[in-house]
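Asker: Enclosed is the structure file final.cif (mmCIF, C-alpha atoms).
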```
data_work
loop_
_atom_site.group_PDB
_atom_site.id
_atom_site.type_symbol
_atom_site.label_atom_id
_atom_site.label_comp_id
_atom_site.auth_asym_id
_atom_site.auth_seq_id
_atom_site.Cartn_x
_atom_site.Cartn_y
_atom_site.Cartn_z
ATOM 1 C CA MET A 1 81.766 64.864 32.989
ATOM 2 C CA ALA A 2 81.036 62.088 35.456
ATOM 3 C CA LYS A 3 80.950 58.472 34.331
ATOM 4 C CA ARG A 4 79.156 55.555 35.918
ATOM 5 C CA LEU A 5 81.168 52.419 36.785
ATOM 6 C CA GLN A 6 79.530 49.097 37.524
ATOM 7 C CA VAL A 7 81.466 46.516 39.491
ATOM 8 C CA ILE A 8 80.126 43.043 40.215
ATOM 9 C CA LEU A 9 81.127 41.634 43.609
ATOM 10 C CA GLN A 10 80.409 38.348 45.258
ATOM 11 C CA ASP A 11 78.218 38.654 48.384
ATOM 12 C CA PRO A 12 81.118 38.239 50.849
ATOM 13 C CA GLU A 13 83.145 40.909 49.045
ATOM 14 C CA TYR A 14 80.183 43.271 48.993
ATOM 15 C CA ARG A 15 79.542 42.796 52.714
ATOM 16 C CA GLU A 16 83.212 43.531 53.437
ATOM 17 C CA VAL A 17 83.085 46.768 51.433
ATOM 18 C CA GLN A 18 79.793 47.671 53.091
ATOM 19 C CA ARG A 19 81.281 47.063 56.552
ATOM 20 C CA ALA A 20 84.329 49.191 55.744
ATOM 21 C CA ALA A 21 82.160 52.044 54.473
ATOM 22 C CA ARG A 22 79.887 51.939 57.527
ATOM 23 C CA ALA A 23 82.911 51.955 59.835
ATOM 24 C CA ARG A 24 83.964 55.245 58.225
ATOM 25 C CA HIS A 25 80.418 56.669 58.192
ATOM 26 C CA MET A 26 80.323 56.973 54.424
ATOM 27 C CA SER A 27 78.391 55.527 51.540
ATOM 28 C CA ILE A 28 79.704 52.528 49.681
ATOM 29 C CA ALA A 29 80.122 54.716 46.582
ATOM 30 C CA GLU A 30 82.262 57.246 48.477
ATOM 31 C CA TRP A 31 84.339 54.461 50.044
ATOM 32 C CA VAL A 32 84.959 52.945 46.597
ATOM 33 C CA ARG A 33 85.884 56.369 45.125
ATOM 34 C CA GLN A 34 88.396 56.921 47.922
ATOM 35 C CA ALA A 35 89.810 53.400 47.549
ATOM 36 C CA LEU A 36 90.256 53.936 43.809
ATOM 37 C CA ALA A 37 91.910 57.329 44.395
ATOM 38 C CA HIS A 38 94.308 55.710 46.867
ATOM 39 C CA ALA A 39 95.095 52.937 44.385
ATOM 40 C CA ARG A 40 95.797 55.498 41.637
ATOM 41 C CA ARG A 41 98.170 57.440 43.912
ATOM 42 C CA SER A 42 99.987 54.207 44.762
ATOM 43 C CA GLU A 43 100.651 53.344 41.120
ATOM 44 C CA PRO A 44 104.042 54.469 39.812
ATOM 45 C CA LEU A 45 103.814 57.053 37.077
ATOM 46 C CA GLY A 46 106.105 57.001 34.098
ATOM 47 C CA ASP A 47 108.748 54.630 32.855
ATOM 48 C CA VAL A 48 110.505 52.793 35.689
ATOM 49 C CA GLU A 49 113.680 52.319 33.633
ATOM 50 C CA LYS A 50 113.857 56.049 32.906
ATOM 51 C CA LYS A 51 113.496 56.845 36.617
ATOM 52 C CA LEU A 52 116.282 54.393 37.460
ATOM 53 C CA ARG A 53 118.565 55.948 34.824
ATOM 54 C CA VAL A 54 117.974 59.395 36.324
ATOM 55 C CA ILE A 55 118.694 58.151 39.850
ATOM 56 C CA ARG A 56 121.853 56.359 38.721
ATOM 57 C CA ALA A 57 123.058 59.524 36.981
ATOM 58 C CA ALA A 58 122.288 61.649 40.037
ATOM 59 C CA VAL A 59 124.227 59.479 42.482
ATOM 60 C CA LYS A 60 127.372 59.909 40.392
ATOM 61 C CA HIS A 61 127.525 63.564 41.455
ATOM 62 C CA GLU A 62 129.095 64.780 44.653
ATOM 63 C CA PHE A 63 127.490 67.813 46.188
ATOM 64 C CA PRO A 64 128.326 69.488 49.476
ATOM 65 C CA THR A 65 126.163 68.300 52.304
ATOM 66 C CA GLY A 66 126.144 68.373 56.050
ATOM 67 C CA ASP A 67 124.865 66.738 59.171
ATOM 68 C CA ILE A 68 121.078 66.442 58.922
ATOM 69 C CA ASP A 69 120.502 67.690 62.480
ATOM 70 C CA THR A 70 122.601 70.789 61.785
ATOM 71 C CA ILE A 71 120.785 71.448 58.513
ATOM 72 C CA LEU A 72 117.363 71.088 60.146
ATOM 73 C CA ALA A 73 118.396 73.383 63.008
ATOM 74 C CA GLU A 74 119.566 76.017 60.511
ATOM 75 C CA ILE A 75 116.284 75.783 58.612
ATOM 76 C CA GLU A 76 114.299 76.135 61.832
ATOM 77 C CA GLN A 77 116.422 79.121 62.874
ATOM 78 C CA GLY A 78 115.711 80.721 59.494
ATOM 79 C CA TYR A 79 111.971 80.340 60.082
ATOM 80 C CA LEU A 80 112.293 81.875 63.544
ATOM 81 C CA ASP A 81 114.378 84.781 62.226
ATOM 82 C CA LYS A 82 111.814 85.436 59.499
ATOM 83 C CA GLN A 83 108.931 85.482 62.019
ATOM 84 C CA GLN A 84 110.752 87.982 64.247
ATOM 85 C CA SER A 85 111.441 90.458 61.445
#
```
Kindly return the structure encoded in the file as structure tokens.

Answerer:
Amino acid sequence: MAKRLQVILQDPEYREVQRAARARHMSIAEWVRQALAHARRSEPLGDVEKKLRVIRAAVKHEFPTGDIDTILAEIEQGYLDKQQS
């Protein structure tokens, strides 16, 4: 179900939003929806402390790794081999 949201802006703020929407050839409503979606994606999800604990635990491990250029070349070669078969 869709919900209506009313936001009160001062005239200069409204004109700025209007200008931005026009520059992108979209309605003000669509510009605001996209701006809100971008803001939601930018917000961290979950508990920051929990994420830090997980990262700290992960860096204690030692896993085999290699040179990034070599790894990327091997991945690319795998894609090419798969396309040829």

Asker: Enumerate, as a list in words, the residues matched when the PyMOL selection byres ((chain A and resi 32-38) around 12) is run on the file above.

Answerer: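 With the PyMOL selection byres ((chain A and resi 32-38) around 12) on this model, the match is Arg4, Leu5, Gln6, Val7, Tyr14, Glu16, Val17, Gln18, Ala20, Ala21, Arg24, Met26, Ser27, Ile28, Ala29, Glu30, Trp31, Ala39, Arg40, Arg41, Ser42 and Glu43 of chain A.
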
Asker: How big is the axis-aligned box around all listed atoms of range 12-24 of chain A once 4 Å goes on each side, and where's its centre, in Å to one decimal, as lines of an AutoDock Vina configuration file?

Answerer:
```
center_x = 81.9
center_y = 46.7
center_z = 54.4
size_x = 12.8
size_y = 25.0
size_z = 18.8
```

Asker: Please compute the CA of Leu52 in chain A-CA of Asp67 in chain A distance, one decimal, in Å.

Answerer: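 Separation between CA of Leu52 in chain A and CA of Asp67 in chain A: 26.4 Å.
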
Asker: State, in Å with one decimal place, the distance from CA of Ala58 in chain A to CA of Glu76 in chain A.

Answerer: 27.4 Å

Asker: Work out how far apart CA of His61 in chain A and CA of Pro44 in chain A are and give it in Å to one decimal.

Answerer: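 A separation of 25.2 Å between them.
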
Asker: Please, could N, CA and C atoms be added to range 42-70 of chain A and the result written as an mmCIF file, in the coordinates of the input?

Answerer:
```cif
data_model
loop_
_atom_site.group_PDB
_atom_site.id
_atom_site.type_symbol
_atom_site.label_atom_id
_atom_site.label_comp_id
_atom_site.auth_asym_id
_atom_site.auth_seq_id
_atom_site.Cartn_x
_atom_site.Cartn_y
_atom_site.Cartn_z
ATOM 1 N N SER A 42 98.972 55.218 44.451
ATOM 2 C CA SER A 42 99.987 54.207 44.762
ATOM 3 C C SER A 42 100.679 53.669 43.517
ATOM 4 N N GLU A 43 100.072 53.845 42.373
ATOM 5 C CA GLU A 43 100.651 53.344 41.120
ATOM 6 C C GLU A 43 101.804 54.235 40.691
ATOM 7 N N PRO A 44 102.940 53.649 40.310
ATOM 8 C CA PRO A 44 104.042 54.469 39.812
ATOM 9 C C PRO A 44 103.679 55.104 38.480
ATOM 10 N N LEU A 45 104.065 56.346 38.331
ATOM 11 C CA LEU A 45 103.814 57.053 37.077
ATOM 12 C C LEU A 45 105.081 57.070 36.247
ATOM 13 N N GLY A 46 104.950 56.912 34.982
ATOM 14 C CA GLY A 46 106.105 57.001 34.098
ATOM 15 C C GLY A 46 106.865 55.696 33.968
ATOM 16 N N ASP A 47 107.911 55.778 33.180
ATOM 17 C CA ASP A 47 108.748 54.630 32.855
ATOM 18 C C ASP A 47 109.715 54.350 34.000
ATOM 19 N N VAL A 48 109.649 53.163 34.572
ATOM 20 C CA VAL A 48 110.505 52.793 35.689
ATOM 21 C C VAL A 48 111.972 52.825 35.282
ATOM 22 N N GLU A 49 112.287 52.329 34.098
ATOM 23 C CA GLU A 49 113.680 52.319 33.633
ATOM 24 C C GLU A 49 114.232 53.734 33.509
ATOM 25 N N LYS A 50 113.421 54.659 33.027
ATOM 26 C CA LYS A 50 113.857 56.049 32.906
ATOM 27 C C LYS A 50 114.149 56.630 34.292
ATOM 28 N N LYS A 51 113.279 56.356 35.258
ATOM 29 C CA LYS A 51 113.496 56.845 36.617
ATOM 30 C C LYS A 51 114.796 56.282 37.194
ATOM 31 N N LEU A 52 115.049 55.007 36.957
ATOM 32 C CA LEU A 52 116.282 54.393 37.460
ATOM 33 C C LEU A 52 117.514 55.013 36.809
ATOM 34 N N ARG A 53 117.436 55.300 35.505
ATOM 35 C CA ARG A 53 118.565 55.948 34.824
ATOM 36 C C ARG A 53 118.856 57.319 35.438
ATOM 37 N N VAL A 54 117.803 58.066 35.729
ATOM 38 C CA VAL A 54 117.974 59.395 36.324
ATOM 39 C C VAL A 54 118.602 59.281 37.710
ATOM 40 N N ILE A 55 118.138 58.340 38.504
ATOM 41 C CA ILE A 55 118.694 58.151 39.850
ATOM 42 C C ILE A 55 120.157 57.735 39.765
ATOM 43 N N ARG A 56 120.460 56.804 38.874
ATOM 44 C CA ARG A 56 121.853 56.359 38.721
ATOM 45 C C ARG A 56 122.753 57.503 38.288
ATOM 46 N N ALA A 57 122.267 58.368 37.414
ATOM 47 C CA ALA A 57 123.058 59.524 36.981
ATOM 48 C C ALA A 57 123.248 60.499 38.143
ATOM 49 N N ALA A 58 122.220 60.686 38.940
ATOM 50 C CA ALA A 58 122.288 61.649 40.037
ATOM 51 C C ALA A 58 123.275 61.217 41.117
ATOM 52 N N VAL A 59 123.339 59.929 41.404
ATOM 53 C CA VAL A 59 124.227 59.479 42.482
ATOM 54 C C VAL A 59 125.700 59.533 42.085
ATOM 55 N N LYS A 60 125.983 59.769 40.822
ATOM 56 C CA LYS A 60 127.372 59.909 40.392
ATOM 57 C C LYS A 60 127.947 61.264 40.784
ATOM 58 N N HIS A 61 127.085 62.219 41.087
ATOM 59 C CA HIS A 61 127.525 63.564 41.455
ATOM 60 C C HIS A 61 127.869 63.627 42.937
ATOM 61 N N GLU A 62 128.758 64.531 43.244
ATOM 62 C CA GLU A 62 129.095 64.780 44.653
ATOM 63 C C GLU A 62 128.809 66.238 44.944
ATOM 64 N N PHE A 63 127.864 66.467 45.804
ATOM 65 C CA PHE A 63 127.490 67.813 46.188
ATOM 66 C C PHE A 63 127.818 68.013 47.659
ATOM 67 N N PRO A 64 128.068 69.255 48.053
ATOM 68 C CA PRO A 64 128.326 69.488 49.476
ATOM 69 C C PRO A 64 127.068 69.186 50.283
ATOM 70 N N THR A 65 127.279 68.631 51.425
ATOM 71 C CA THR A 65 126.163 68.300 52.304
ATOM 72 C C THR A 65 126.626 68.484 53.732
ATOM 73 N N GLY A 66 125.767 68.213 54.653
ATOM 74 C CA GLY A 66 126.144 68.373 56.050
ATOM 75 C C GLY A 66 125.360 67.419 56.916
ATOM 76 N N ASP A 67 125.579 67.546 58.188
ATOM 77 C CA ASP A 67 124.865 66.738 59.171
ATOM 78 C C ASP A 67 123.386 67.131 59.148
ATOM 79 N N ILE A 68 122.501 66.161 59.062
ATOM 80 C CA ILE A 68 121.078 66.442 58.922
ATOM 81 C C ILE A 68 120.535 67.231 60.105
ATOM 82 N N ASP A 69 120.987 66.944 61.312
ATOM 83 C CA ASP A 69 120.502 67.690 62.480
ATOM 84 C C ASP A 69 120.917 69.157 62.406
ATOM 85 N N THR A 70 122.131 69.414 61.934
ATOM 86 C CA THR A 70 122.601 70.789 61.785
ATOM 87 C C THR A 70 121.795 71.514 60.725
#
```
